[in-house]
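Have a look at work.cif below; it lists mmCIF, C-alpha atoms.
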```
data_coords
#
loop_
_atom_site.label_atom_id
_atom_site.label_comp_id
_atom_site.auth_asym_id
_atom_site.auth_seq_id
_atom_site.Cartn_x
_atom_site.Cartn_y
_atom_site.Cartn_z
CA MET A 147 -123.09 -75.05 -73.94
CA ILE A 148 -125.12 -74.84 -70.74
CA LEU A 149 -126.91 -77.80 -69.17
CA LEU A 150 -130.03 -76.41 -67.48
CA VAL A 151 -131.43 -78.98 -65.05
CA GLY A 152 -134.80 -78.87 -63.32
CA LEU A 153 -135.33 -81.18 -60.36
CA GLY A 154 -138.57 -82.99 -59.59
CA ASN A 155 -140.31 -86.33 -59.72
CA PRO A 156 -141.81 -87.79 -62.92
CA GLY A 157 -145.50 -88.61 -63.31
CA LYS A 158 -148.80 -86.73 -63.15
CA GLY A 159 -149.22 -87.47 -59.46
CA TYR A 160 -146.19 -85.33 -58.61
CA ALA A 161 -146.65 -82.58 -61.22
CA GLY A 162 -148.06 -79.93 -58.87
CA ASN A 163 -145.84 -80.75 -55.87
CA ARG A 164 -143.59 -78.15 -54.26
CA HIS A 165 -140.75 -80.61 -54.86
CA ASN A 166 -141.32 -80.17 -58.62
CA PHE A 167 -140.66 -76.43 -58.67
CA GLY A 168 -137.50 -77.05 -60.69
CA PHE A 169 -139.46 -78.94 -63.36
CA MET A 170 -142.00 -76.09 -63.53
CA ALA A 171 -139.32 -73.45 -64.04
CA VAL A 172 -137.54 -75.40 -66.78
CA ASP A 173 -140.86 -76.12 -68.52
CA GLU A 174 -141.49 -72.37 -68.77
CA VAL A 175 -137.97 -71.73 -70.11
CA ILE A 176 -138.56 -74.38 -72.79
CA ARG A 177 -141.90 -72.83 -73.73
CA ARG A 178 -140.82 -69.20 -73.75
CA HIS A 179 -137.64 -69.76 -75.74
CA SER A 180 -139.22 -72.17 -78.25
CA PHE A 181 -136.92 -75.10 -77.53
CA SER A 182 -137.11 -78.26 -79.60
CA PRO A 183 -139.79 -80.83 -78.69
CA GLU A 184 -138.86 -82.87 -75.63
CA ARG A 185 -137.37 -86.30 -76.13
CA ILE A 186 -136.15 -89.05 -73.85
CA ARG A 187 -132.37 -88.99 -73.39
CA PHE A 188 -129.87 -89.35 -70.55
CA GLN A 189 -132.47 -90.92 -68.23
CA GLY A 190 -134.60 -87.83 -68.54
CA LEU A 191 -136.61 -85.53 -70.78
CA THR A 192 -134.47 -83.11 -72.80
CA ALA A 193 -135.07 -80.15 -75.10
CA GLU A 194 -132.57 -77.97 -76.93
CA GLY A 195 -132.56 -74.27 -77.62
CA ASN A 196 -130.56 -71.07 -77.79
CA ILE A 197 -130.68 -68.31 -75.19
CA GLY A 198 -128.66 -65.14 -75.59
CA GLY A 199 -126.45 -66.75 -78.22
CA GLU A 200 -125.64 -69.73 -75.97
CA LYS A 201 -126.72 -73.28 -76.77
CA VAL A 202 -128.75 -74.70 -73.90
CA LEU A 203 -129.84 -78.26 -73.16
CA ALA A 204 -132.75 -78.44 -70.74
CA LEU A 205 -132.91 -81.67 -68.73
CA LYS A 206 -135.58 -83.00 -66.39
CA PRO A 207 -134.36 -86.30 -64.87
CA THR A 208 -136.99 -89.03 -64.86
CA THR A 209 -135.08 -91.12 -62.31
CA TYR A 210 -137.00 -89.66 -59.35
CA MET A 211 -135.42 -86.97 -57.21
CA ASN A 212 -132.97 -89.07 -55.21
CA GLU A 213 -131.27 -90.45 -58.36
CA SER A 214 -131.08 -87.17 -60.32
CA GLY A 215 -127.29 -87.32 -60.45
CA ARG A 216 -127.34 -90.27 -62.82
CA ALA A 217 -129.07 -88.25 -65.54
CA VAL A 218 -126.95 -85.14 -64.97
CA ASN A 219 -123.71 -87.13 -65.05
CA GLU A 220 -124.69 -88.92 -68.27
CA ALA A 221 -125.54 -85.67 -70.11
CA MET A 222 -122.44 -83.91 -68.79
CA ARG A 223 -120.12 -86.66 -69.99
CA PHE A 224 -121.81 -86.98 -73.38
CA TYR A 225 -121.28 -83.30 -74.15
CA LYS A 226 -117.88 -83.15 -72.38
CA LEU A 227 -119.09 -80.41 -70.06
CA THR A 228 -117.70 -79.41 -66.69
CA PRO A 229 -119.76 -78.94 -63.50
CA GLU A 230 -119.34 -75.18 -64.01
CA ASP A 231 -121.43 -75.51 -67.21
CA ILE A 232 -124.39 -76.83 -65.23
CA ILE A 233 -127.23 -74.86 -63.64
CA VAL A 234 -129.66 -76.74 -61.39
CA LEU A 235 -133.06 -75.30 -60.44
CA HIS A 236 -134.55 -76.84 -57.30
CA ASP A 237 -136.99 -76.25 -54.47
CA GLU A 238 -135.51 -74.71 -51.31
CA LEU A 239 -136.99 -75.08 -47.83
CA ASP A 240 -134.86 -72.32 -46.30
CA LEU A 241 -136.40 -69.59 -48.48
CA PRO A 242 -140.02 -68.39 -48.43
CA LEU A 243 -142.16 -68.78 -51.53
CA GLY A 244 -141.54 -65.85 -53.86
CA LYS A 245 -137.81 -65.69 -53.14
CA LEU A 246 -134.92 -67.27 -54.99
CA ARG A 247 -131.14 -67.28 -54.67
CA VAL A 248 -128.37 -68.14 -57.10
CA LYS A 249 -125.47 -70.01 -55.51
CA ASP A 250 -122.21 -71.41 -56.88
CA GLY A 251 -121.22 -74.69 -55.28
CA GLY A 252 -121.90 -75.74 -51.70
CA GLY A 253 -123.68 -78.57 -49.94
CA HIS A 254 -127.03 -80.23 -50.55
CA GLY A 255 -128.95 -78.76 -47.61
CA GLY A 256 -130.93 -81.96 -47.22
CA ASN A 257 -132.20 -81.91 -50.82
CA ASN A 258 -131.86 -85.47 -52.12
CA GLY A 259 -131.65 -84.34 -55.73
CA LEU A 260 -128.64 -82.16 -54.96
CA ARG A 261 -127.19 -84.93 -52.80
CA SER A 262 -127.31 -87.32 -55.76
CA ILE A 263 -125.81 -84.79 -58.19
CA ILE A 264 -122.95 -84.00 -55.80
CA ALA A 265 -122.25 -87.72 -55.42
CA HIS A 266 -121.93 -88.08 -59.20
CA ILE A 267 -120.19 -84.89 -60.36
CA GLY A 268 -119.04 -82.99 -57.26
CA ASP A 269 -120.40 -79.71 -55.91
CA LYS A 270 -119.03 -77.08 -58.33
CA PHE A 271 -122.27 -76.53 -60.26
CA ARG A 272 -124.53 -73.47 -60.03
CA ARG A 273 -127.87 -73.68 -58.24
CA VAL A 274 -131.02 -71.60 -58.46
CA ARG A 275 -132.75 -72.12 -55.12
CA LEU A 276 -136.51 -71.66 -55.44
CA GLY A 277 -138.16 -70.96 -52.12
CA VAL A 278 -141.06 -73.15 -51.00
CA GLY A 279 -140.95 -72.27 -47.29
CA HIS A 280 -140.41 -74.58 -44.32
CA PRO A 281 -143.32 -76.26 -42.51
CA GLY A 282 -141.69 -75.51 -39.15
CA GLU A 283 -140.92 -79.02 -37.97
CA LYS A 284 -138.44 -81.46 -39.49
CA HIS A 285 -140.87 -84.38 -39.44
CA LEU A 286 -143.31 -82.37 -41.58
CA VAL A 287 -140.82 -81.67 -44.39
CA THR A 288 -141.55 -84.72 -46.58
CA GLY A 289 -145.29 -84.13 -46.52
CA HIS A 290 -144.73 -80.43 -47.21
CA VAL A 291 -142.61 -80.84 -50.34
CA LEU A 292 -144.71 -83.71 -51.71
CA LYS A 293 -147.92 -81.68 -51.42
CA ASP A 294 -149.25 -79.55 -54.27
CA PHE A 295 -148.97 -75.78 -54.17
CA SER A 296 -152.23 -74.18 -53.06
CA LYS A 297 -154.16 -72.04 -55.55
CA GLU A 298 -152.80 -68.86 -53.97
CA GLU A 299 -149.25 -70.23 -53.98
CA LYS A 300 -149.59 -71.33 -57.60
CA ASP A 301 -150.25 -67.73 -58.61
CA ILE A 302 -146.85 -66.79 -57.16
CA VAL A 303 -145.21 -69.83 -58.73
CA ASP A 304 -146.56 -68.85 -62.15
CA LYS A 305 -145.23 -65.31 -61.76
CA MET A 306 -141.84 -66.65 -60.68
CA THR A 307 -141.46 -69.18 -63.47
CA GLU A 308 -142.50 -66.58 -66.04
CA SER A 309 -139.93 -64.12 -64.68
CA ILE A 310 -137.21 -66.78 -64.53
CA ALA A 311 -137.83 -67.69 -68.17
CA ARG A 312 -137.85 -64.04 -69.26
CA HIS A 313 -134.48 -63.35 -67.63
CA THR A 314 -132.71 -66.67 -68.20
CA ASP A 315 -130.26 -64.98 -70.55
CA ILE A 316 -128.82 -63.04 -67.60
CA LEU A 317 -128.43 -66.27 -65.63
CA ILE A 318 -126.78 -68.00 -68.60
CA LYS A 319 -124.22 -65.18 -68.82
CA GLY A 320 -123.21 -65.87 -65.21
CA ASP A 321 -124.68 -62.70 -63.68
CA GLY A 322 -126.38 -64.23 -60.63
CA PRO A 323 -126.91 -60.92 -58.77
CA GLY A 324 -128.39 -59.28 -61.88
CA PHE A 325 -130.71 -62.22 -62.40
CA MET A 326 -131.89 -62.17 -58.77
CA ASN A 327 -132.53 -58.45 -58.97
CA LYS A 328 -134.67 -58.80 -62.10
CA ILE A 329 -136.80 -61.49 -60.42
CA ALA A 330 -137.25 -59.33 -57.33
CA LEU A 331 -138.37 -56.38 -59.44
CA ASP A 332 -140.93 -58.54 -61.26
CA LEU A 333 -142.57 -59.97 -58.16
CA PRO A 334 -144.90 -58.11 -55.79
CA SER A 335 -143.42 -57.32 -52.41
CA PRO A 336 -145.31 -58.44 -49.26
CA ASN A 337 -146.94 -54.99 -48.95
CA GLY A 338 -148.46 -55.33 -52.42
CA GLY A 339 -146.00 -53.15 -54.27
CA ARG A 340 -142.95 -54.06 -56.28
CA ALA A 341 -139.62 -54.84 -54.72
CA LYS A 342 -137.13 -51.98 -55.16
CA ASP A 343 -134.07 -54.19 -55.41
CA ASN A 344 -132.64 -57.48 -54.26
CA LYS A 345 -129.41 -56.32 -52.62
CA GLY A 346 -128.35 -58.64 -49.85
CA THR A 347 -131.61 -60.57 -49.84
#
```
Show this structure as structure tokens.
Amino acid sequence: MILLVGLGNPGKGYAGNRHNFGFMAVDEVIRRHSFSPERIRFQGLTAEGNIGGEKVLALKPTTYMNESGRAVNEAMRFYKLTPEDIIVLHDELDLPLGKLRVKDGGGHGGNNGLRSIIAHIGDKFRRVRLGVGHPGEKHLVTGHVLKDFSKEEKDIVDKMTESIARHTDILIKGDGPGFMNKIALDLPSPNGGRAKDNKGT
């Protein structure tokens, strides 16, 4: 079983924020793969489904970002999972919008959701880092991530979440490079064409 976690903040006021990119991606996975209706469990919203022959529990913590680890820890212990069974999708300041990276383990990079998860279960879980770009100055970061995507940015977000959901089976199988390459091929490159590959990027 895989625990697929999207990070964000609950409530309509946060729904379009850059900080809720993880929620958006998991919502599209739930929709595309016809998961069960969402219900409240483990201090979050959960839905169950099957992707590529693997049972998947989607979880969106409703604890607010900086307490996300409580929900993840509760679900992990209930199903007797290990951190290696967990994939967390989250917004990433160090990548431009339209780029993502899959990473096994590591630090939190200033993301309070990751910080909370690491505090509760350690750092051995997989992450899908969804680029939102950096505003340039540290003091502008909070306002940047808590602001909605612009209309132009939302077009890219929609393409990314659709591509992520279409290729989630590759991610579930543990093929991070293959998954990243599929996303890169789906998204337009900066010059208006399609990316040729995602090697080393």
Would you mind listing what lies within 8 Å of segment 311-325 of chain A as number ranges by chain, with all atoms listed in the file counted and same-chain residues fewer than 5 positions away left out?
-> A: 148, 171-172, 174-175, 178-179, 197-198, 200, 248-249
Tell me which of A:Phe188, A:Val234, A:Gly199, A:Thr228 sits closest to Leu150 of chain A, counting all atoms listed in the file.
-> A:Val234
What is the atom CA of Thr192 of chain A to atom CA of Ala204 of chain A distance in Å?
-> 5.4 Å
Shell of 9 Å around segment 260-275 of chain A, only C-alpha atoms, local chain residues under 3 positions omitted, as an MDAnalysis selection string = chainID A and resid 153 168 211:219 222 228:239 241 245:257 322
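Rounded to one decimal, atom CA of Asp240 of chain A and atom CA of Val278 of chain A lie 7.8 Å from each other.
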Apply the PyMOL selection byres ((chain A and resi 299) around 12) to the structure shown and report the selected residues as a VMD selection string.
-> chain A and resid 162 to 164 167 242 to 244 277 to 279 293 to 298 300 to 306
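Rounded to one decimal, atom CA of Arg185 of chain A and atom CA of Arg223 of chain A lie 18.3 Å from each other.
Within 12 Å of the point (-131.8, -80.4, -79.9), and counting only C-alpha atoms, the protein, DNA and RNA residues are Met147, Ile176, Ser180, Phe181, Ser182, Pro183, Glu184, Arg185, Ile186, Arg187, Leu191, Thr192, Ala193, Glu194, Gly195, Asn196, Lys201, Val202, Leu203, Ala204 and Leu205 of chain A.
Across A:Phe224, A:Gly259, A:Ile310, A:Leu331, the tightest approach to Met170 of chain A is made by A:Ile310 when counting all atoms listed in the file.
In terms of minimum interatomic distance to Gly154 of chain A, A:Pro207 ranks closest within A:Pro281, A:Pro207, A:Pro334, A:Gly289, counting all atoms listed in the file.
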Please produce segment 213-237 of chain A, completed to N, CA and C atoms, as an mmCIF file, in the frame of the given file.
```cif
data_model
loop_
_atom_site.group_PDB
_atom_site.id
_atom_site.type_symbol
_atom_site.label_atom_id
_atom_site.label_comp_id
_atom_site.auth_asym_id
_atom_site.auth_seq_id
_atom_site.Cartn_x
_atom_site.Cartn_y
_atom_site.Cartn_z
ATOM 1 N N GLU A 213 -132.234 -89.890 -57.413
ATOM 2 C CA GLU A 213 -131.270 -90.450 -58.360
ATOM 3 C C GLU A 213 -130.970 -89.460 -59.496
ATOM 4 N N SER A 214 -131.241 -88.188 -59.277
ATOM 5 C CA SER A 214 -131.080 -87.170 -60.320
ATOM 6 C C SER A 214 -129.662 -87.108 -60.870
ATOM 7 N N GLY A 215 -128.683 -87.411 -60.034
ATOM 8 C CA GLY A 215 -127.290 -87.320 -60.450
ATOM 9 C C GLY A 215 -126.932 -88.244 -61.599
ATOM 10 N N ARG A 216 -127.625 -89.353 -61.719
ATOM 11 C CA ARG A 216 -127.340 -90.270 -62.820
ATOM 12 C C ARG A 216 -127.585 -89.603 -64.166
ATOM 13 N N ALA A 217 -128.715 -88.923 -64.291
ATOM 14 C CA ALA A 217 -129.070 -88.250 -65.540
ATOM 15 C C ALA A 217 -128.118 -87.090 -65.827
ATOM 16 N N VAL A 218 -127.834 -86.291 -64.804
ATOM 17 C CA VAL A 218 -126.950 -85.140 -64.970
ATOM 18 C C VAL A 218 -125.548 -85.586 -65.386
ATOM 19 N N ASN A 219 -125.049 -86.609 -64.744
ATOM 20 C CA ASN A 219 -123.710 -87.130 -65.050
ATOM 21 C C ASN A 219 -123.631 -87.637 -66.487
ATOM 22 N N GLU A 220 -124.678 -88.351 -66.925
ATOM 23 C CA GLU A 220 -124.690 -88.920 -68.270
ATOM 24 C C GLU A 220 -124.670 -87.812 -69.333
ATOM 25 N N ALA A 221 -125.503 -86.782 -69.144
ATOM 26 C CA ALA A 221 -125.540 -85.670 -70.110
ATOM 27 C C ALA A 221 -124.236 -84.895 -70.089
ATOM 28 N N MET A 222 -123.690 -84.659 -68.910
ATOM 29 C CA MET A 222 -122.440 -83.910 -68.790
ATOM 30 C C MET A 222 -121.301 -84.613 -69.525
ATOM 31 N N ARG A 223 -121.201 -85.908 -69.349
ATOM 32 C CA ARG A 223 -120.120 -86.660 -69.990
ATOM 33 C C ARG A 223 -120.309 -86.753 -71.498
ATOM 34 N N PHE A 224 -121.544 -86.890 -71.943
ATOM 35 C CA PHE A 224 -121.810 -86.980 -73.380
ATOM 36 C C PHE A 224 -121.344 -85.722 -74.101
ATOM 37 N N TYR A 225 -121.631 -84.563 -73.501
ATOM 38 C CA TYR A 225 -121.280 -83.300 -74.150
ATOM 39 C C TYR A 225 -119.915 -82.757 -73.696
ATOM 40 N N LYS A 226 -119.211 -83.544 -72.872
ATOM 41 C CA LYS A 226 -117.880 -83.150 -72.380
ATOM 42 C C LYS A 226 -117.930 -81.788 -71.675
ATOM 43 N N LEU A 227 -118.926 -81.635 -70.831
ATOM 44 C CA LEU A 227 -119.090 -80.410 -70.060
ATOM 45 C C LEU A 227 -118.378 -80.530 -68.724
ATOM 46 N N THR A 228 -118.229 -79.424 -68.043
ATOM 47 C CA THR A 228 -117.700 -79.410 -66.690
ATOM 48 C C THR A 228 -118.852 -79.067 -65.739
ATOM 49 N N PRO A 229 -118.710 -79.327 -64.440
ATOM 50 C CA PRO A 229 -119.760 -78.940 -63.500
ATOM 51 C C PRO A 229 -120.094 -77.451 -63.560
ATOM 52 N N GLU A 230 -119.108 -76.623 -63.920
ATOM 53 C CA GLU A 230 -119.340 -75.180 -64.010
ATOM 54 C C GLU A 230 -120.280 -74.810 -65.156
ATOM 55 N N ASP A 231 -120.504 -75.743 -66.086
ATOM 56 C CA ASP A 231 -121.430 -75.510 -67.210
ATOM 57 C C ASP A 231 -122.865 -75.887 -66.859
ATOM 58 N N ILE A 232 -123.082 -76.299 -65.625
ATOM 59 C CA ILE A 232 -124.390 -76.830 -65.230
ATOM 60 C C ILE A 232 -125.096 -75.890 -64.259
ATOM 61 N N ILE A 233 -126.371 -75.645 -64.533
ATOM 62 C CA ILE A 233 -127.230 -74.860 -63.640
ATOM 63 C C ILE A 233 -128.398 -75.744 -63.220
ATOM 64 N N VAL A 234 -128.589 -75.891 -61.924
ATOM 65 C CA VAL A 234 -129.660 -76.740 -61.390
ATOM 66 C C VAL A 234 -130.701 -75.883 -60.684
ATOM 67 N N LEU A 235 -131.952 -76.000 -61.095
ATOM 68 C CA LEU A 235 -133.060 -75.300 -60.440
ATOM 69 C C LEU A 235 -133.789 -76.285 -59.536
ATOM 70 N N HIS A 236 -133.960 -75.901 -58.270
ATOM 71 C CA HIS A 236 -134.550 -76.840 -57.300
ATOM 72 C C HIS A 236 -135.321 -76.099 -56.214
ATOM 73 N N ASP A 237 -136.232 -76.806 -55.575
ATOM 74 C CA ASP A 237 -136.990 -76.250 -54.470
ATOM 75 C C ASP A 237 -136.082 -76.082 -53.251
#
```
